[in-house]
file query_20.txt (compact mmCIF, C-alpha atoms)
# COMPACT_ATOMS: atom_id res chain seq x y z
CA MET A 1 17.69 16.53 7.68
CA SER A 2 18.78 16.96 11.31
CA GLU A 3 20.21 13.86 12.93
CA ASN A 4 17.58 13.98 15.71
CA PHE A 5 14.69 14.14 13.24
CA ASP A 6 16.19 11.34 11.18
CA GLN A 7 16.50 9.23 14.37
CA ALA A 8 12.91 10.06 15.38
CA ILE A 9 11.65 8.88 11.97
CA GLN A 10 13.68 5.67 12.08
CA SER A 11 12.57 4.83 15.60
CA ALA A 12 8.90 5.58 14.83
CA VAL A 13 8.89 3.48 11.67
CA VAL A 14 10.58 0.49 13.29
CA GLU A 15 8.30 0.56 16.34
CA THR A 16 5.13 0.99 14.26
CA PHE A 17 5.89 -1.88 11.90
CA GLU A 18 7.14 -4.22 14.60
CA ASN A 19 4.02 -3.65 16.70
CA MET A 20 1.45 -3.60 13.92
CA THR A 21 2.84 -6.16 11.49
CA PHE A 22 5.49 -8.15 13.38
CA MET A 23 7.61 -7.71 10.25
CA GLU A 24 11.22 -6.56 10.18
CA VAL A 25 11.95 -3.17 8.68
CA LEU A 26 15.42 -1.88 7.80
CA HIS A 27 16.58 1.69 7.33
CA ARG A 28 18.15 2.13 3.89
CA LEU A 29 21.12 4.48 3.87
CA GLN A 30 20.96 7.42 1.46
CA GLU A 31 22.64 6.70 -1.86
CA ASP A 32 23.78 9.12 -4.57
CA GLN A 33 20.98 7.96 -6.82
CA GLU A 34 17.50 8.02 -5.32
CA PRO A 35 15.86 4.57 -5.30
CA ILE A 36 12.75 4.02 -7.41
CA LEU A 37 9.62 2.70 -5.72
CA LEU A 38 7.55 0.11 -7.57
CA GLU A 39 3.86 0.97 -8.08
CA PRO A 40 3.85 3.45 -5.18
CA GLN A 41 0.64 4.24 -3.34
CA GLY A 42 0.83 7.51 -1.44
CA VAL A 43 -0.78 9.28 1.48
CA LEU A 44 -0.09 12.62 3.15
CA LEU A 45 -0.86 13.86 6.66
CA PRO A 46 -0.63 17.50 7.77
CA VAL A 47 0.83 18.41 11.15
CA THR A 48 -0.75 21.64 12.37
CA GLU A 49 0.72 22.25 15.85
CA PRO A 50 3.26 23.19 17.20
CA ILE A 51 4.79 23.43 13.71
CA GLU A 52 3.22 23.29 10.27
CA GLY A 53 4.29 20.66 7.79
CA VAL A 54 3.25 17.51 5.98
CA PHE A 55 4.24 13.89 6.52
CA TRP A 56 4.24 11.59 3.47
CA LEU A 57 4.28 7.83 3.03
CA PHE A 58 4.83 6.06 -0.31
CA MET A 59 4.71 2.29 -0.42
CA PRO A 60 4.56 -0.31 -3.22
CA LYS A 61 1.14 -1.85 -3.72
CA ASN A 62 2.53 -5.39 -3.25
CA LEU A 63 4.05 -4.52 0.11
CA LEU A 64 0.88 -2.79 1.24
CA THR A 65 -1.11 -5.90 0.33
CA VAL A 66 1.20 -8.11 2.42
CA ILE A 67 0.84 -5.72 5.37
CA ALA A 68 -2.96 -5.62 5.09
CA GLU A 69 -3.09 -9.43 4.99
CA ASN A 70 -0.87 -9.59 8.04
CA VAL A 71 -2.48 -6.91 10.19
CA TYR A 72 -6.13 -7.60 9.42
CA VAL A 73 -5.86 -11.37 8.83
CA MET A 74 -7.46 -11.07 5.39
CA GLU A 75 -7.17 -13.15 2.23
CA THR A 76 -5.61 -11.42 -0.79
CA ASP A 77 -8.88 -11.48 -2.73
CA GLU A 78 -10.67 -9.69 0.13
CA ILE A 79 -8.31 -6.71 -0.11
CA ASP A 80 -9.61 -3.93 -2.32
CA GLN A 81 -8.19 -0.50 -3.13
CA GLN A 82 -10.14 1.08 -0.25
CA ILE A 83 -8.57 -1.33 2.26
CA LEU A 84 -5.10 -0.56 0.85
CA GLN A 85 -5.63 3.19 1.09
CA ASP A 86 -7.07 2.86 4.57
CA THR A 87 -4.12 0.73 5.68
CA LEU A 88 -1.66 3.27 4.27
CA ALA A 89 -3.46 6.11 6.06
CA GLU A 90 -3.50 4.20 9.35
CA LEU A 91 0.22 3.46 9.05
CA LEU A 92 1.13 7.10 8.38
CA ASN A 93 -1.17 8.34 11.14
CA THR A 94 0.60 6.05 13.61
CA ILE A 95 4.11 6.81 12.32
CA ALA A 96 3.55 10.59 12.34
CA GLY A 97 2.16 10.51 15.88
CA LYS A 98 5.10 8.44 17.02
CA ILE A 99 7.60 10.80 15.34
CA MET A 100 6.04 13.79 17.09
CA GLN A 101 6.12 11.94 20.44
CA GLU A 102 9.80 11.13 19.88
CA ALA A 103 10.67 14.64 18.76
CA LEU A 104 8.77 16.80 21.27
CA PRO A 105 8.93 17.11 25.07
CA GLU A 106 6.42 14.93 26.98
CA ASP A 107 4.32 17.92 28.05
CA GLN A 108 4.06 19.36 24.53
CA LEU A 109 0.67 18.83 22.88
CA PHE A 110 0.58 18.45 19.11
CA SER A 111 -2.10 18.17 16.43
CA LEU A 112 -2.32 16.18 13.25
CA GLY A 113 -4.82 16.68 10.43
CA LEU A 114 -6.61 13.95 8.52
CA PRO A 115 -4.78 11.67 6.08
CA GLN A 116 -5.44 12.26 2.39
CA PRO A 117 -4.59 9.97 -0.54
CA VAL A 118 -1.90 11.29 -2.85
CA GLU A 119 -3.02 11.39 -6.48
CA GLU A 120 -0.80 9.87 -9.12
CA MET A 121 0.18 13.31 -10.42
CA GLN A 122 1.60 14.21 -7.02
CA ALA A 123 3.27 10.85 -6.53
CA LYS A 124 6.74 12.14 -7.42
CA PRO A 125 7.98 13.71 -4.19
CA ASP A 126 9.21 17.26 -4.64
CA GLU A 127 12.79 18.47 -4.20
CA THR A 128 12.20 20.02 -0.78
CA MET A 129 10.99 16.77 0.78
CA GLN A 130 13.19 15.32 3.51
CA LYS A 131 13.23 11.59 2.84
CA CYS A 132 13.96 8.39 4.68
CA PHE A 133 13.93 5.13 2.72
CA PHE A 134 13.20 1.79 4.37
CA GLU A 135 13.22 -1.82 3.22
CA MET A 136 10.73 -4.51 4.13
CA GLN A 137 10.21 -7.89 2.45
CA GLU A 138 12.89 -6.79 -0.07
CA MET A 139 10.71 -3.85 -1.14
CA LEU A 140 11.49 -0.17 -0.55
CA PHE A 141 9.19 2.45 0.90
CA LEU A 142 9.57 6.12 1.69
CA VAL A 143 8.65 8.29 4.69
CA GLY A 144 8.99 12.00 3.97
CA PHE A 145 8.42 15.41 5.51
CA THR A 146 7.91 18.83 3.95
CA GLY A 147 7.79 22.05 5.94
CA GLU A 148 9.89 25.05 6.85
CA ASN A 149 10.71 23.67 10.29
CA THR A 150 11.05 20.13 11.58
CA PRO A 151 9.79 19.11 15.05
CA CYS A 152 13.39 18.68 16.27
CA MET B 153 -25.74 -8.90 25.68
CA GLN B 154 -23.20 -6.10 25.84
CA HIS B 155 -23.31 -3.46 23.15
CA ILE B 156 -20.14 -1.71 22.02
CA LEU B 157 -19.94 1.31 19.74
CA ILE B 158 -16.76 1.79 17.67
CA ALA B 159 -16.20 5.28 16.24
CA ASP B 160 -13.37 5.52 13.71
CA ASP B 161 -13.20 6.91 10.18
CA SER B 162 -10.81 4.12 9.21
CA ARG B 163 -12.54 0.92 8.12
CA THR B 164 -9.36 -1.06 8.81
CA ALA B 165 -9.06 0.37 12.33
CA ARG B 166 -12.65 -0.68 13.06
CA LEU B 167 -11.86 -4.10 11.64
CA PHE B 168 -8.79 -4.39 13.91
CA ILE B 169 -10.86 -3.60 17.02
CA LYS B 170 -13.56 -6.11 16.02
CA LYS B 171 -10.88 -8.79 15.50
CA CYS B 172 -9.59 -8.08 19.01
CA LEU B 173 -13.11 -8.46 20.42
CA GLU B 174 -13.41 -11.82 18.65
CA ILE B 175 -10.01 -12.97 19.94
CA ILE B 176 -10.96 -12.36 23.56
CA GLY B 177 -14.05 -14.46 23.00
CA LEU B 178 -16.67 -11.74 23.08
CA GLU B 179 -18.98 -13.43 20.59
CA GLU B 180 -21.90 -12.30 22.73
CA VAL B 181 -20.98 -8.66 22.22
CA SER B 182 -22.97 -6.68 19.71
CA VAL B 183 -20.89 -4.12 17.81
CA THR B 184 -22.14 -0.97 16.08
CA GLU B 185 -19.86 1.18 13.94
CA ALA B 186 -19.76 4.93 13.32
CA VAL B 187 -17.46 6.74 10.90
CA ASN B 188 -17.17 10.02 12.82
CA GLY B 189 -18.03 11.67 16.12
CA ALA B 190 -21.28 13.18 14.89
CA GLU B 191 -22.63 9.81 13.78
CA ALA B 192 -21.47 8.23 17.04
CA LEU B 193 -23.20 10.91 19.12
CA ASP B 194 -26.41 10.40 17.17
CA LEU B 195 -26.28 6.65 17.80
CA ILE B 196 -25.52 7.15 21.50
CA LYS B 197 -28.55 9.42 21.88
CA LYS B 198 -30.76 6.79 20.25
CA GLY B 199 -29.43 3.57 21.75
CA ALA B 200 -27.98 2.09 24.90
CA PHE B 201 -24.29 1.20 24.72
CA ASP B 202 -22.06 -0.35 27.37
CA LEU B 203 -18.79 0.97 25.96
CA LEU B 204 -17.58 3.46 23.36
CA ILE B 205 -14.22 2.89 21.68
CA THR B 206 -13.31 6.02 19.75
CA ASP B 207 -10.51 7.36 17.61
CA LEU B 208 -9.44 10.95 18.26
CA ASN B 209 -8.77 12.29 14.76
CA MET B 210 -11.99 12.02 12.79
CA PRO B 211 -13.79 14.26 10.29
CA GLU B 212 -16.92 16.27 11.17
CA MET B 213 -16.62 15.76 14.93
CA ASP B 214 -13.39 14.53 16.49
CA GLY B 215 -13.11 12.11 19.41
CA GLN B 216 -12.30 14.82 21.95
CA ASP B 217 -15.40 16.84 21.08
CA LEU B 218 -17.45 13.63 21.17
CA LEU B 219 -16.07 12.79 24.62
CA ARG B 220 -16.81 16.30 25.90
CA ARG B 221 -20.41 16.14 24.67
CA ILE B 222 -21.02 12.68 26.12
CA LYS B 223 -19.72 13.70 29.53
CA ALA B 224 -21.69 16.98 29.47
CA SER B 225 -25.05 15.25 29.14
CA PRO B 226 -26.59 13.59 32.22
CA LYS B 227 -28.13 10.97 29.92
CA THR B 228 -24.79 9.78 28.55
CA THR B 229 -22.23 10.81 31.13
CA ASP B 230 -21.93 7.29 32.58
CA LEU B 231 -20.94 5.72 29.26
CA PRO B 232 -17.38 4.33 29.59
CA VAL B 233 -15.11 5.67 26.85
CA LEU B 234 -11.85 4.19 25.57
CA VAL B 235 -9.88 6.58 23.38
CA ILE B 236 -7.37 5.34 20.81
CA THR B 237 -5.10 8.01 19.42
CA SER B 238 -1.97 8.64 17.40
CA VAL B 239 -1.45 12.02 19.09
CA GLY B 240 -1.01 10.50 22.53
CA ASN B 241 1.64 11.60 24.95
CA PRO B 242 1.45 12.10 28.73
CA ALA B 243 0.02 15.61 28.31
CA LYS B 244 -2.71 14.47 25.92
CA GLU B 245 -3.53 11.43 28.02
CA LYS B 246 -3.94 13.63 31.10
CA GLU B 247 -6.23 15.98 29.17
CA LEU B 248 -8.43 13.12 27.91
CA LEU B 249 -8.65 11.43 31.32
CA SER B 250 -9.63 14.76 32.88
CA LEU B 251 -12.43 15.04 30.32
CA GLY B 252 -13.77 11.68 31.49
CA ALA B 253 -12.13 9.02 29.32
CA LEU B 254 -11.77 5.76 31.21
CA ALA B 255 -8.62 4.75 29.34
CA VAL B 256 -6.39 6.06 26.58
CA LEU B 257 -4.36 3.90 24.22
CA THR B 258 -1.68 5.42 22.04
CA LYS B 259 -0.94 3.99 18.59
CA PRO B 260 0.76 1.76 17.61
CA VAL B 261 -1.61 -0.38 19.66
CA THR B 262 -0.64 -4.03 19.78
CA PRO B 263 -3.36 -6.68 19.90
CA ALA B 264 -2.11 -7.52 23.42
CA ASP B 265 -2.55 -3.90 24.59
CA MET B 266 -6.01 -3.81 23.13
CA LEU B 267 -6.99 -7.15 24.63
CA ASP B 268 -5.74 -6.25 28.13
CA THR B 269 -7.58 -2.93 28.11
CA LEU B 270 -10.81 -4.34 26.68
CA GLU B 271 -10.84 -7.19 29.19
CA ASP B 272 -10.36 -4.71 32.06
CA LEU B 273 -13.10 -2.41 30.79
CA ILE B 274 -15.57 -5.17 30.05
CA ASN B 275 -15.00 -6.83 33.41
CA GLU B 276 -15.69 -3.49 35.09

call {"tool": "encode", "arguments": {"input": "query_20.txt", "output": "structure tokens"}}
result
Amino acid sequence: MSENFDQAIQSAVVETFENMTFMEVLHRLQEDQEPILLEPQGVLLPVTEPIEGVFWLFMPKNLLTVIAENVYVMETDEIDQQILQDTLAELLNTIAGKIMQEALPEDQLFSLGLPQPVEEMQAKPDETMQKCFFEMQEMLFLVGFTGENTPC
Amino acid sequence: MQHILIADDSRTARLFIKKCLEIIGLEEVSVTEAVNGAEALDLIKKGAFDLLITDLNMPEMDGQDLLRRIKASPKTTDLPVLVITSVGNPAKEKELLSLGALAVLTKPVTPADMLDTLEDLINE
């Protein structure tokens, strides 16, 4: 992954979580062995202009529940699977938009598609995915990108 | 009583906006929700709203198309529209304002951003 793209992802993730959840998020440096996510829930979001690619977000169910409680001021028993999936989609939508803003010139328009849940069968990210791991509340999550070209 | 229409395909995003309305003490505001631009347009044609808060990326009809249609009709052109988007940058904001949006907020939107903008719009 290019250093600029990696920086754009880190900056977008930190800003999104700080603004939406007021929770600290740390970038996890790449290790030889890829970390394993616990009970990951996944969502993907296509970017259609000016490049074509797909952003991915995988996050443990427990972490997603904490975020939903925090952002929407809900009790744990009010949070159903639909709320979790919706929260995940909203997070990736915001992160992807922020990455594109960071990566592209100010006068460059860009388009994102609609978020789609990732089925369990697809939950293992493929080899071509460019990955950034982050840590929050002592749980890991993954932001990824697949595509022939990156925005920067 | 003021009547606000929220158009967003995300249930949690609609919930976030409603929480913000509660926080600024708008208990007297009546809120209607739509899950896409087509449903929002249908509701706008049928009812009188004081403000539309819309997402940009939505299925069936997106927020930009909805904005264009509202501003093209003499019956709805005066409806104030606040757009919330993840694809916001200065170029996009300029485009949306030129189409008639009263304000554009780019995600991540903090509760404070939302509250400031809503207070300004509602006071107007």

call {"tool": "closest_residue", "arguments": {"input": "query_20.txt", "among": "A:Gly144, A:Pro151, A:Gly97, A:Pro115", "to": "chain B", "atoms": "only C-alpha atoms"}}
result
A:Gly97

call {"tool": "interface_residues", "arguments": {"input": "query_20.txt", "of": "chain B", "to": "chain A", "cutoff": "8 Å", "atoms": "all atoms listed in the file", "output": "MDAnalysis selection string"}}
result
chainID B and resid 162:165 167:168 171 209:211 238:244 259:262

call {"tool": "atom_distance", "arguments": {"input": "query_20.txt", "atom1": "CA of Met59 in chain A", "atom2": "CA of Phe134 in chain A"}}
result
9.8 Å

call {"tool": "residues_around", "arguments": {"input": "query_20.txt", "residues": "Asn188 in chain B", "least_positions_apart": "3", "cutoff": "9 Å", "atoms": "all atoms listed in the file", "output": "PyMOL selection string"}}
result
chain B and resi 159-161+191-193+206-207+209-215

call {"tool": "residues_around", "arguments": {"input": "query_20.txt", "residues": "Phe133 in chain A", "least_positions_apart": "3", "cutoff": "10 Å", "atoms": "only C-alpha atoms", "output": "ChimeraX atom specification"}}
result
/A:10,26-31,34-35,37,58,140-144

call {"tool": "atom_distance", "arguments": {"input": "query_20.txt", "atom1": "CA of Leu251 in chain B", "atom2": "CA of Gln154 in chain B"}}
result
24.1 Å

call {"tool": "closest_residue", "arguments": {"input": "query_20.txt", "among": "B:Leu273, B:Leu203, B:Val256, B:Ile156", "to": "Asp230 in chain B", "atoms": "all atoms listed in the file"}}
result
B:Leu203

call {"tool": "atom_distance", "arguments": {"input": "query_20.txt", "atom1": "CA of Phe55 in chain A", "atom2": "CA of Arg166 in chain B"}}
result
23.2 Å

call {"tool": "residues_around", "arguments": {"input": "query_20.txt", "residues": "Thr146 in chain A", "least_positions_apart": "4", "cutoff": "6 Å", "atoms": "only C-alpha atoms", "output": "list in words"}}
result
Gly53, Val54 and Met129 of chain A

call {"tool": "residues_around", "arguments": {"input": "query_20.txt", "residues": "Leu254 in chain B", "least_positions_apart": "4", "cutoff": "12 Å", "atoms": "all atoms listed in the file", "output": "ChimeraX atom specification"}}
result
/B:203-206,219,223,229-236,245-250,269-270,272-274,276

call {"tool": "axis_aligned_box", "arguments": {"input": "query_20.txt", "around": "range 243-259 of chain B", "padding_each_side": "8 Å", "output": "lines of an AutoDock Vina configuration file"}}
result
center_x = -6.9
center_y = 9.9
center_z = 25.7
size_x = 29.8
size_y = 28.1
size_z = 30.3

call {"tool": "closest_residue", "arguments": {"input": "query_20.txt", "among": "A:Val14, A:Ile9, A:Leu63, A:Leu57", "to": "Thr76 in chain A", "atoms": "only C-alpha atoms"}}
result
A:Leu63

call {"tool": "closest_residue", "arguments": {"input": "query_20.txt", "among": "A:Leu45, A:Pro50, A:Ala103, A:Glu24", "to": "Gln137 in chain A", "atoms": "only C-alpha atoms"}}
result
A:Glu24

call {"tool": "decode", "arguments": {"input": "query_20.txt", "residues": "range 93-114 of chain A", "atoms": "N, CA and C atoms", "output": "tab-separated table (two decimals), in the first residue's frame"}}
result
chain	number	residue	atom	x	y	z
A	93	ASN	N	-19.29	4.09	5.45
A	93	ASN	CA	-19.68	5.18	4.56
A	93	ASN	C	-18.90	6.46	4.92
A	94	THR	N	-18.84	6.73	6.21
A	94	THR	CA	-18.15	7.94	6.68
A	94	THR	C	-16.64	7.82	6.48
A	95	ILE	N	-16.09	6.66	6.82
A	95	ILE	CA	-14.63	6.46	6.68
A	95	ILE	C	-14.22	6.55	5.21
A	96	ALA	N	-14.98	5.89	4.33
A	96	ALA	CA	-14.63	5.89	2.90
A	96	ALA	C	-14.70	7.30	2.32
A	97	GLY	N	-15.73	8.05	2.70
A	97	GLY	CA	-15.85	9.43	2.22
A	97	GLY	C	-14.67	10.27	2.69
A	98	LYS	N	-14.30	10.05	3.94
A	98	LYS	CA	-13.19	10.82	4.52
A	98	LYS	C	-11.86	10.44	3.84
A	99	ILE	N	-11.68	9.15	3.55
A	99	ILE	CA	-10.45	8.72	2.86
A	99	ILE	C	-10.36	9.38	1.49
A	100	MET	N	-11.48	9.40	0.76
A	100	MET	CA	-11.47	10.00	-0.57
A	100	MET	C	-11.20	11.51	-0.48
A	101	GLN	N	-11.77	12.17	0.55
A	101	GLN	CA	-11.50	13.61	0.74
A	101	GLN	C	-10.02	13.85	0.99
A	102	GLU	N	-9.43	12.96	1.82
A	102	GLU	CA	-8.01	13.10	2.18
A	102	GLU	C	-7.13	12.85	0.95
A	103	ALA	N	-7.55	11.88	0.13
A	103	ALA	CA	-6.69	11.41	-0.94
A	103	ALA	C	-6.76	12.26	-2.22
A	104	LEU	N	-7.91	12.90	-2.45
A	104	LEU	CA	-8.12	13.59	-3.73
A	104	LEU	C	-8.00	15.10	-3.56
A	105	PRO	N	-7.73	15.82	-4.66
A	105	PRO	CA	-7.73	17.28	-4.59
A	105	PRO	C	-9.13	17.81	-4.22
A	106	GLU	N	-9.17	19.01	-3.63
A	106	GLU	CA	-10.44	19.58	-3.15
A	106	GLU	C	-11.50	19.72	-4.24
A	107	ASP	N	-11.05	19.97	-5.48
A	107	ASP	CA	-12.03	20.21	-6.55
A	107	ASP	C	-12.41	18.93	-7.30
A	108	GLN	N	-11.95	17.80	-6.79
A	108	GLN	CA	-12.24	16.51	-7.45
A	108	GLN	C	-13.49	15.87	-6.85
A	109	LEU	N	-14.54	15.73	-7.67
A	109	LEU	CA	-15.74	15.05	-7.21
A	109	LEU	C	-15.49	13.54	-7.18
A	110	PHE	N	-16.18	12.85	-6.30
A	110	PHE	CA	-16.07	11.39	-6.27
A	110	PHE	C	-17.43	10.79	-5.93
A	111	SER	N	-17.60	9.52	-6.25
A	111	SER	CA	-18.89	8.86	-5.99
A	111	SER	C	-18.67	7.54	-5.27
A	112	LEU	N	-19.55	7.31	-4.31
A	112	LEU	CA	-19.55	6.04	-3.59
A	112	LEU	C	-20.88	5.33	-3.88
A	113	GLY	N	-20.85	4.01	-3.88
A	113	GLY	CA	-22.09	3.24	-4.04
A	113	GLY	C	-22.79	3.09	-2.70
A	114	LEU	N	-23.62	2.07	-2.61
A	114	LEU	CA	-24.35	1.83	-1.36
A	114	LEU	C	-23.67	0.69	-0.59
